[in-house]
Structures are given as C-alpha cells and as structure tokens.
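File shown here: model_36.tsv, holding TSV, C-alpha atoms.
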```tsv
chain	number	residue	atom	x	y	z
A	8	MET	CA	0.00	0.00	0.00
A	9	ILE	CA	1.39	3.40	-1.06
A	10	ASN	CA	1.93	5.97	1.64
A	11	PRO	CA	-0.20	9.15	1.10
A	12	LEU	CA	2.81	11.29	2.00
A	13	HIS	CA	4.79	9.50	-0.67
A	14	ASN	CA	2.05	10.24	-3.20
A	15	ALA	CA	2.06	13.90	-2.24
A	16	LEU	CA	5.83	14.12	-2.55
A	17	HIS	CA	5.66	12.33	-5.89
A	18	ARG	CA	3.03	14.76	-7.19
A	19	GLU	CA	5.06	17.74	-5.96
A	20	ARG	CA	8.31	16.47	-7.57
A	21	SER	CA	6.43	15.68	-10.79
A	22	GLY	CA	5.03	19.19	-10.78
A	23	GLU	CA	8.48	20.67	-10.24
A	24	LEU	CA	9.85	18.47	-12.99
A	25	ASN	CA	7.06	19.48	-15.36
A	26	ARG	CA	7.53	23.11	-14.46
A	27	GLY	CA	11.27	22.74	-15.04
A	28	LEU	CA	10.68	21.13	-18.40
A	29	SER	CA	8.17	23.82	-19.26
A	30	ARG	CA	10.65	26.54	-18.33
A	31	ARG	CA	13.36	24.85	-20.38
A	32	GLN	CA	10.95	24.48	-23.32
A	33	ASP	CA	9.90	28.10	-23.00
A	34	LEU	CA	13.54	29.15	-22.83
A	35	SER	CA	14.39	26.96	-25.83
A	36	LEU	CA	11.39	28.31	-27.75
A	37	SER	CA	12.34	31.85	-26.77
A	38	ARG	CA	15.91	31.30	-27.91
A	39	GLY	CA	14.63	29.76	-31.14
A	40	LEU	CA	12.29	32.70	-31.73
A	41	ASN	CA	15.07	35.15	-30.94
A	42	LEU	CA	17.35	33.29	-33.33
A	43	ASP	CA	14.69	33.31	-36.07
A	44	ILE	CA	13.96	36.99	-35.51
A	45	SER	CA	17.67	37.72	-35.58
A	46	ARG	CA	18.04	35.86	-38.87
A	47	VAL	CA	15.07	37.68	-40.38
A	48	LEU	CA	16.43	41.04	-39.23
A	49	ASN	CA	19.85	40.22	-40.64
A	50	ARG	CA	18.32	39.23	-43.97
A	51	TYR	CA	16.18	42.37	-43.98
A	52	LEU	CA	19.19	44.55	-43.23
A	53	ALA	CA	21.17	42.79	-45.93
A	54	VAL	CA	18.37	43.44	-48.44
A	55	LEU	CA	18.24	47.09	-47.40
A	56	VAL	CA	21.99	47.40	-47.89
A	57	LEU	CA	21.75	45.81	-51.35
A	58	LEU	CA	18.82	47.99	-52.35
A	59	PHE	CA	20.56	51.12	-51.11
A	60	THR	CA	23.79	50.17	-52.86
A	61	GLY	CA	21.87	49.38	-56.06
A	62	ALA	CA	20.06	52.70	-55.86
A	63	LEU	CA	23.38	54.51	-55.55
A	64	GLY	CA	24.75	52.57	-58.51
A	65	LEU	CA	21.66	53.29	-60.60
A	66	THR	CA	21.83	56.97	-59.77
A	67	GLY	CA	25.45	57.01	-60.85
A	68	CYS	CA	24.56	55.41	-64.18
A	69	VAL	CA	21.75	57.78	-65.17
A	70	THR	CA	23.29	61.02	-63.92
A	71	VAL	CA	25.30	62.77	-66.62
A	72	THR	CA	27.08	65.83	-65.34
A	73	ASP	CA	28.40	67.13	-68.65
A	74	ASN	CA	25.91	65.24	-70.82
A	75	ALA	CA	28.76	63.72	-72.75
A	76	ALA	CA	26.70	60.68	-73.78
A	77	GLN	CA	23.39	62.45	-74.37
A	78	PRO	CA	24.34	64.24	-77.62
A	79	LEU	CA	25.07	60.88	-79.25
A	80	ARG	CA	21.34	60.19	-79.27
A	81	THR	CA	19.77	60.27	-82.72
A	82	THR	CA	16.14	59.75	-83.61
A	83	VAL	CA	15.14	58.73	-87.14
A	84	VAL	CA	11.62	58.56	-88.57
A	85	MET	CA	10.51	57.76	-92.11
A	86	SER	CA	7.37	57.69	-94.21
A	87	GLY	CA	6.32	56.58	-97.67
A	88	ASP	CA	6.83	53.56	-99.89
A	89	LEU	CA	10.17	52.83	-101.54
A	90	SER	CA	8.47	50.34	-103.86
A	91	GLU	CA	7.16	53.36	-105.78
A	92	LEU	CA	10.72	53.95	-106.85
A	93	PRO	CA	11.01	52.41	-110.34
A	94	PRO	CA	12.88	49.08	-110.14
A	95	THR	CA	15.09	50.23	-113.02
A	96	ALA	CA	15.85	53.57	-111.38
A	97	MET	CA	19.55	54.36	-111.49
A	98	THR	CA	19.86	58.09	-112.05
A	99	TYR	CA	18.66	61.04	-110.03
A	100	THR	CA	18.89	64.81	-109.92
A	101	TRP	CA	18.25	67.40	-107.24
A	102	HIS	CA	14.72	68.57	-106.63
A	103	PRO	CA	14.48	72.14	-107.99
A	104	LYS	CA	12.79	73.55	-104.86
A	105	PHE	CA	13.49	71.22	-101.97
A	106	GLN	CA	17.08	72.16	-101.03
A	107	LYS	CA	16.78	74.09	-97.79
A	108	ILE	CA	19.55	75.04	-95.38
A	109	ILE	CA	18.45	76.94	-92.26
A	110	THR	CA	21.29	77.78	-89.87
A	111	ASP	CA	22.34	80.65	-87.66
A	112	LYS	CA	25.31	82.95	-88.28
A	113	ARG	CA	27.82	80.42	-86.94
A	114	LEU	CA	27.51	78.37	-90.13
A	115	GLU	CA	27.66	79.43	-93.76
A	116	PRO	CA	24.50	78.09	-95.49
A	117	GLN	CA	26.16	77.71	-98.89
A	118	GLN	CA	28.97	75.62	-97.41
A	119	VAL	CA	26.46	73.41	-95.62
A	120	LEU	CA	24.50	73.04	-98.88
A	121	GLN	CA	27.59	72.01	-100.81
A	122	HIS	CA	28.68	69.56	-98.14
A	123	MET	CA	25.19	68.04	-97.96
A	124	GLN	CA	25.17	67.53	-101.73
A	125	ASP	CA	28.64	65.98	-101.72
A	126	VAL	CA	27.89	63.57	-98.87
A	127	LEU	CA	24.49	62.60	-100.29
A	128	LYS	CA	26.02	62.00	-103.72
A	129	GLN	CA	28.64	59.72	-102.21
A	130	SER	CA	26.13	57.82	-100.07
A	131	LEU	CA	23.85	57.23	-103.08
A	132	GLN	CA	26.80	56.33	-105.30
A	133	ASN	CA	27.74	53.64	-102.78
A	134	LYS	CA	24.29	52.15	-103.38
A	135	GLY	CA	24.72	52.25	-107.16
A	136	TYR	CA	22.88	55.49	-108.07
A	137	ARG	CA	24.32	58.16	-110.34
A	138	TRP	CA	23.64	61.88	-110.22
A	139	VAL	CA	22.75	63.66	-113.48
A	140	GLU	CA	22.30	67.36	-114.02
A	141	ASP	CA	19.60	67.11	-116.69
A	142	PRO	CA	16.19	66.51	-115.03
A	143	GLN	CA	14.96	64.78	-118.21
A	144	LEU	CA	17.55	62.03	-117.77
A	145	ALA	CA	16.78	61.41	-114.10
A	146	ASP	CA	14.77	58.44	-112.90
A	147	PHE	CA	13.87	60.29	-109.71
A	148	GLN	CA	14.58	63.49	-107.81
A	149	VAL	CA	16.18	63.95	-104.41
A	150	GLY	CA	15.37	66.79	-102.05
A	151	PHE	CA	16.87	67.59	-98.68
A	152	GLY	CA	16.84	70.05	-95.83
A	153	VAL	CA	19.07	70.90	-92.87
A	154	ALA	CA	17.83	73.01	-89.97
A	155	MET	CA	19.26	74.05	-86.62
A	156	GLY	CA	17.02	73.98	-83.56
A	157	THR	CA	17.87	77.59	-82.83
A	158	GLU	CA	16.24	78.61	-86.12
A	159	MET	CA	13.40	76.14	-86.60
A	160	SER	CA	11.12	74.48	-84.05
A	161	ASP	CA	9.72	70.95	-84.22
A	162	GLU	CA	6.29	72.41	-84.94
A	163	GLN	CA	7.64	74.29	-87.96
A	164	ILE	CA	9.52	71.21	-89.17
A	165	LEU	CA	6.34	69.12	-88.92
A	166	ALA	CA	4.41	71.72	-90.91
A	167	VAL	CA	6.99	71.70	-93.71
A	168	THR	CA	7.99	68.02	-93.90
A	169	GLY	CA	5.03	66.20	-92.38
A	170	LEU	CA	7.43	64.39	-90.05
A	171	VAL	CA	8.75	65.10	-86.58
A	172	ALA	CA	11.24	63.13	-84.50
A	173	GLY	CA	10.52	64.96	-81.25
A	174	LEU	CA	14.04	64.54	-79.86
A	175	SER	CA	13.94	66.13	-76.41
A	176	THR	CA	16.60	68.53	-75.13
A	177	ASP	CA	15.93	67.50	-71.52
A	178	GLY	CA	19.20	66.81	-69.73
A	179	VAL	CA	21.30	68.21	-72.59
A	180	ASN	CA	23.61	71.18	-72.16
A	181	THR	CA	22.10	73.35	-74.91
A	182	LYS	CA	24.84	75.94	-74.43
A	183	LYS	CA	27.33	73.36	-75.63
A	184	TYR	CA	25.29	71.17	-77.98
A	185	ASP	CA	22.97	72.23	-80.77
A	186	LYS	CA	19.95	70.26	-81.90
A	187	GLY	CA	19.89	69.69	-85.64
A	188	THR	CA	17.42	68.19	-88.11
A	189	VAL	CA	18.12	66.59	-91.49
A	190	VAL	CA	15.47	65.44	-93.94
A	191	ILE	CA	15.89	63.57	-97.25
A	192	ALA	CA	13.01	63.01	-99.67
A	193	LEU	CA	12.61	61.12	-102.95
A	194	PHE	CA	10.29	62.41	-105.68
A	195	LYS	CA	9.05	61.05	-108.97
A	196	PRO	CA	10.90	62.70	-111.88
A	197	SER	CA	9.47	65.88	-113.30
A	198	LYS	CA	9.11	64.21	-116.73
A	199	ILE	CA	6.33	62.05	-115.25
A	200	LYS	CA	2.93	63.66	-114.83
A	201	GLY	CA	2.52	64.68	-111.22
A	202	GLY	CA	6.20	64.19	-110.55
A	203	GLY	CA	8.03	66.53	-108.22
A	204	ASP	CA	4.97	67.50	-106.18
A	205	GLU	CA	4.72	65.02	-103.29
A	206	PRO	CA	7.56	62.80	-102.08
A	207	ILE	CA	7.17	59.07	-102.51
A	208	TRP	CA	9.45	58.48	-99.52
A	209	ARG	CA	11.11	60.64	-96.88
A	210	VAL	CA	13.32	60.18	-93.86
A	211	LEU	CA	14.01	62.64	-91.07
A	212	ALA	CA	16.71	62.50	-88.39
A	213	GLN	CA	17.43	64.63	-85.35
A	214	GLY	CA	20.55	64.68	-83.22
A	215	PHE	CA	22.93	66.87	-81.25
A	216	GLY	CA	26.32	68.25	-82.17
A	217	ASN	CA	28.99	70.61	-80.93
A	218	ILE	CA	29.72	73.21	-83.59
A	219	LYS	CA	33.00	74.08	-81.85
A	220	LYS	CA	34.21	70.55	-82.67
A	221	MET	CA	33.65	70.74	-86.41
A	222	ASP	CA	35.72	67.70	-87.38
A	223	GLU	CA	33.77	65.47	-85.02
A	224	LEU	CA	30.48	67.06	-86.07
A	225	THR	CA	31.25	66.54	-89.76
A	226	GLU	CA	32.18	62.89	-89.24
A	227	ASN	CA	28.97	62.19	-87.33
A	228	PHE	CA	26.94	64.09	-89.92
A	229	ASP	CA	28.39	62.10	-92.81
A	230	SER	CA	27.67	58.79	-91.04
A	231	LEU	CA	24.13	59.94	-90.33
A	232	ILE	CA	23.43	60.69	-94.01
A	233	ALA	CA	24.67	57.23	-95.01
A	234	SER	CA	22.42	55.60	-92.42
A	235	MET	CA	19.40	57.63	-93.55
A	236	VAL	CA	19.52	56.21	-97.09
A	237	ALA	CA	20.45	52.69	-95.96
A	238	ASN	CA	16.89	51.44	-96.61
A	239	MET	CA	17.03	52.40	-100.26
A	240	PRO	CA	17.55	49.39	-102.55
A	241	SER	CA	21.04	48.99	-103.99
A	242	VAL	CA	21.48	48.80	-107.76
A	243	ASN	CA	24.42	47.51	-109.83
A	244	VAL	CA	26.53	47.05	-106.71
A	245	ALA	CA	28.79	44.02	-106.67
A	246	PRO	CA	28.24	41.82	-103.60
```
Taking this structure as input, can you express it in the form of structure tokens?
Amino acid sequence: MINPLHNALHRERSGELNRGLSRRQDLSLSRGLNLDISRVLNRYLAVLVLLFTGALGLTGCVTVTDNAAQPLRTTVVMSGDLSELPPTAMTYTWHPKFQKIITDKRLEPQQVLQHMQDVLKQSLQNKGYRWVEDPQLADFQVGFGVAMGTEMSDEQILAVTGLVAGLSTDGVNTKKYDKGTVVIALFKPSKIKGGGDEPIWRVLAQGFGNIKKMDELTENFDSLIASMVANMPSVNVAP
C-alpha cells in the first residue's frame, strides 16, 4: 500500500519536474524565436543594404554631369513607300525647290548646302545610283533640308515636312550642344505627270552636335546621311 505522504511528494516532484521542463521548453522556444527573428532582421538589413547600394549605382549610371553621352542620341523617322521607286531607277537629280539650309550665323548656309550635296552624292553612289544634271535624264529626284534647332522648331519642321522626330533637349547642355534636323526626300521625276509635287518616300533625323568641334560634327553628320539612305535598294553594286 502506497503511503499518502509518498504520493504527495511524488506529485510535488512531478510538478516541479514538469515546471522545469516547461521553463526549459519556454527558454528553448524563446531562444529559437530570438534566433529566427535575428536571422530575419539580418536578412532584412542585408536586403536594405543591397537595395541602397543598387540605388546609388543606378543613380550614378543615369546622372550625366556634362551630358557627354546624351548628344550621341539620334532619332530617325521615315514615311512613304520605296516600292514606288522604279525598279530600273539608277539616275537622279536634285529637286528644284526642296534644297533648304536653315542655320544661324555660326555656319555658312552655302557651305552646308555644298557639303550636304557631296555627302548625299557619295552615299547614293555607294548604293549604285548616279547623279545627273539634266532633269529629263533622271529616274527620280532627291530633295533635302538641314535646320538648326535655334532657327526652326519641331512644330515648324512638322508643318513643312510632315514628319517630326521629337528629340527632347531634356538633360542636354544646350549651351554646348545644338539640336539639328536633317530630312531627305525622294520624288518622282518631273518628266512624269505629277512628278516633283509630293515625295514618294522621306526620312528625317534629329541629333545633337557641338559646332565648336567641327571635325567630329562633320564625321557624325556624314555617317548619319549614309544611315538615312540605308533602306534604299542597292542597284548595280557588286556583292
């Protein structure tokens, strides 16, 4: 027979043991929770550091103090159908009216006109076309225009050419770089009825340049003209 006092002592010791286990479990759980919270906080802090570092890196990439890269931007738009150009077309002449050079006093319009003609002739010659002076011998006519942003707005360019690139000057040092527009248009020859009135195809480009660095400006300009007529089909050009 079990002594009642022994039962009481057993219950008391069991209670102490259970309470001890409970305290150890609570302590273990608390430590586990603290460890989990610590890990979460560490991860969170690490993410914050990465995000902050990334934000600093991103800011460094998009901020241009002297806008050295911005002026290299060029926007090109085109309209029309080159298939209207006769498949046998090989010769061209200048359009009698559409040769416009609009610049300020820093540039000589006649020099710009001559350079534009020379570069355009070379670019078209590279594609197999030949310039002729007699309009009656030309398979099509070529017109062009060059305008500086200081002298002609996008609204005026749209009204004249029917095209607008809309190249923004935001973030560009306009005291150092000038916005310029070039347009090239192809017309049916004047010997065809209705020829010379509306272009069958036109391309317009806008970009920035530093007039004080004329050699660099000229090189970029020449490359731009070649790229503007790149979509024209090549004729009699050896592969």
Dump as a PyMOL selection string all residues having an atom at most 10 Å from (20.7, 48.8, -109.4), computed in the file's coordinates with all atoms listed in the file.
-> chain A and resi 94-98+134-136+240-245
Pick out the closest residue to Gly150 in chain A from this set: A:Lys186, A:Lys104, A:Lys220, A:Lys195. Count all atoms listed in the file.
->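 Under the stated criterion, the closest residue is A:Lys104.
Relative to CA of Asp177 in chain A, CA of Phe151 in chain A is found at 27.2 Å.
Shortest separation to Phe228 in chain A among A:Tyr99, A:Gly87, A:Gly169, A:Val189 occurs at residue A:Val189, atoms counted being only C-alpha atoms.
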Could you please determine the separation between CA of Val179 in chain A and CA of Val84 in chain A in Å, to one decimal place?
->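 The value is 21.0 Å.
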Selected residue of minimal separation from Lys182 in chain A among A:Thr168, A:His122, A:Val210, A:Lys219, counting only C-alpha atoms =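 Residue with the minimum atom-to-atom distance to Lys182 in chain A: A:Lys219.
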Between CA of Val167 in chain A and CA of Asn227 in chain A, measure the distance and give it in Å to one decimal.
-> 24.8 Å
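Minimum atom-to-atom distance to Val171 in chain A, evaluated using all atoms listed in the file, belongs to A:Gln213 out of A:Ala192, A:Gln213, A:Ala233, A:Asp88.
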If you count only C-alpha atoms, which residues fall within 7 Å of Thr82 in chain A, apart from same-chain ones fewer than 2 positions away, as a list in words?
-> Arg80, Val84, Ala172, Leu174, Ala212, Gln213 and Gly214 of chain A
Residues within 12 Å of Ile191 in chain A, all atoms listed in the file, excluding chain neighbours under 6 positions, as a PyMOL selection string = chain A and resi 83-87+101-102+105-107+123-124+127+131+148-153+168+170+206-212+231-237+239
Find, counting only C-alpha atoms, the residue in A:Thr176, A:Thr157, A:Gln129, A:Ser230 that gets nearest to Arg113 in chain A.
-> A:Thr157
My structure is short of atoms at range 89-113 of chain A; please model N, CA and C atoms there, returning them as a PDB file, in the coordinates of the input.
```
ATOM      1  N   LEU A  89       9.041  52.894-100.609  1.00  0.00           N
ATOM      2  CA  LEU A  89      10.170  52.830-101.540  1.00  0.00           C
ATOM      3  C   LEU A  89       9.873  51.979-102.767  1.00  0.00           C
ATOM      4  N   SER A  90       8.819  51.160-102.697  1.00  0.00           N
ATOM      5  CA  SER A  90       8.470  50.340-103.860  1.00  0.00           C
ATOM      6  C   SER A  90       7.956  51.210-105.008  1.00  0.00           C
ATOM      7  N   GLU A  91       7.592  52.450-104.714  1.00  0.00           N
ATOM      8  CA  GLU A  91       7.160  53.360-105.780  1.00  0.00           C
ATOM      9  C   GLU A  91       8.340  53.862-106.592  1.00  0.00           C
ATOM     10  N   LEU A  92       9.538  53.623-106.076  1.00  0.00           N
ATOM     11  CA  LEU A  92      10.720  53.950-106.850  1.00  0.00           C
ATOM     12  C   LEU A  92      10.845  52.928-107.980  1.00  0.00           C
ATOM     13  N   PRO A  93      10.935  53.365-109.234  1.00  0.00           N
ATOM     14  CA  PRO A  93      11.010  52.410-110.340  1.00  0.00           C
ATOM     15  C   PRO A  93      12.125  51.392-110.135  1.00  0.00           C
ATOM     16  N   PRO A  94      11.856  50.109-110.358  1.00  0.00           N
ATOM     17  CA  PRO A  94      12.880  49.080-110.140  1.00  0.00           C
ATOM     18  C   PRO A  94      14.117  49.273-111.009  1.00  0.00           C
ATOM     19  N   THR A  95      13.944  49.995-112.126  1.00  0.00           N
ATOM     20  CA  THR A  95      15.090  50.230-113.020  1.00  0.00           C
ATOM     21  C   THR A  95      15.766  51.567-112.728  1.00  0.00           C
ATOM     22  N   ALA A  96      15.314  52.249-111.687  1.00  0.00           N
ATOM     23  CA  ALA A  96      15.850  53.570-111.380  1.00  0.00           C
ATOM     24  C   ALA A  96      17.332  53.496-111.031  1.00  0.00           C
ATOM     25  N   MET A  97      18.108  54.320-111.736  1.00  0.00           N
ATOM     26  CA  MET A  97      19.550  54.360-111.490  1.00  0.00           C
ATOM     27  C   MET A  97      20.087  55.778-111.407  1.00  0.00           C
ATOM     28  N   THR A  98      19.374  56.705-112.011  1.00  0.00           N
ATOM     29  CA  THR A  98      19.860  58.090-112.050  1.00  0.00           C
ATOM     30  C   THR A  98      18.905  59.011-111.296  1.00  0.00           C
ATOM     31  N   TYR A  99      19.468  60.067-110.768  1.00  0.00           N
ATOM     32  CA  TYR A  99      18.660  61.040-110.030  1.00  0.00           C
ATOM     33  C   TYR A  99      19.238  62.433-110.234  1.00  0.00           C
ATOM     34  N   THR A 100      18.447  63.420-109.912  1.00  0.00           N
ATOM     35  CA  THR A 100      18.890  64.810-109.920  1.00  0.00           C
ATOM     36  C   THR A 100      18.312  65.488-108.686  1.00  0.00           C
ATOM     37  N   TRP A 101      18.770  66.686-108.411  1.00  0.00           N
ATOM     38  CA  TRP A 101      18.250  67.400-107.240  1.00  0.00           C
ATOM     39  C   TRP A 101      16.866  67.948-107.522  1.00  0.00           C
ATOM     40  N   HIS A 102      16.036  67.953-106.502  1.00  0.00           N
ATOM     41  CA  HIS A 102      14.720  68.570-106.630  1.00  0.00           C
ATOM     42  C   HIS A 102      14.923  70.076-106.769  1.00  0.00           C
ATOM     43  N   PRO A 103      14.229  70.713-107.709  1.00  0.00           N
ATOM     44  CA  PRO A 103      14.480  72.140-107.990  1.00  0.00           C
ATOM     45  C   PRO A 103      14.121  73.075-106.828  1.00  0.00           C
ATOM     46  N   LYS A 104      13.226  72.647-105.933  1.00  0.00           N
ATOM     47  CA  LYS A 104      12.790  73.550-104.860  1.00  0.00           C
ATOM     48  C   LYS A 104      13.191  73.057-103.462  1.00  0.00           C
ATOM     49  N   PHE A 105      13.278  71.762-103.306  1.00  0.00           N
ATOM     50  CA  PHE A 105      13.490  71.220-101.970  1.00  0.00           C
ATOM     51  C   PHE A 105      14.989  71.029-101.695  1.00  0.00           C
ATOM     52  N   GLN A 106      15.691  72.143-101.483  1.00  0.00           N
ATOM     53  CA  GLN A 106      17.080  72.160-101.030  1.00  0.00           C
ATOM     54  C   GLN A 106      17.204  73.314-100.041  1.00  0.00           C
ATOM     55  N   LYS A 107      16.883  73.044 -98.794  1.00  0.00           N
ATOM     56  CA  LYS A 107      16.780  74.090 -97.790  1.00  0.00           C
ATOM     57  C   LYS A 107      17.853  73.941 -96.708  1.00  0.00           C
ATOM     58  N   ILE A 108      18.559  75.003 -96.446  1.00  0.00           N
ATOM     59  CA  ILE A 108      19.550  75.040 -95.380  1.00  0.00           C
ATOM     60  C   ILE A 108      19.190  76.220 -94.458  1.00  0.00           C
ATOM     61  N   ILE A 109      18.861  75.903 -93.210  1.00  0.00           N
ATOM     62  CA  ILE A 109      18.450  76.940 -92.260  1.00  0.00           C
ATOM     63  C   ILE A 109      19.354  76.855 -91.040  1.00  0.00           C
ATOM     64  N   THR A 110      20.323  77.764 -90.972  1.00  0.00           N
ATOM     65  CA  THR A 110      21.290  77.780 -89.870  1.00  0.00           C
ATOM     66  C   THR A 110      21.424  79.192 -89.325  1.00  0.00           C
ATOM     67  N   ASP A 111      22.072  79.309 -88.181  1.00  0.00           N
ATOM     68  CA  ASP A 111      22.340  80.650 -87.660  1.00  0.00           C
ATOM     69  C   ASP A 111      23.675  81.146 -88.217  1.00  0.00           C
ATOM     70  N   LYS A 112      24.132  82.292 -87.708  1.00  0.00           N
ATOM     71  CA  LYS A 112      25.310  82.950 -88.280  1.00  0.00           C
ATOM     72  C   LYS A 112      26.619  82.196 -88.040  1.00  0.00           C
ATOM     73  N   ARG A 113      26.594  81.172 -87.196  1.00  0.00           N
ATOM     74  CA  ARG A 113      27.820  80.420 -86.940  1.00  0.00           C
ATOM     75  C   ARG A 113      28.194  79.513 -88.111  1.00  0.00           C
TER      76      ARG A 113
END
```
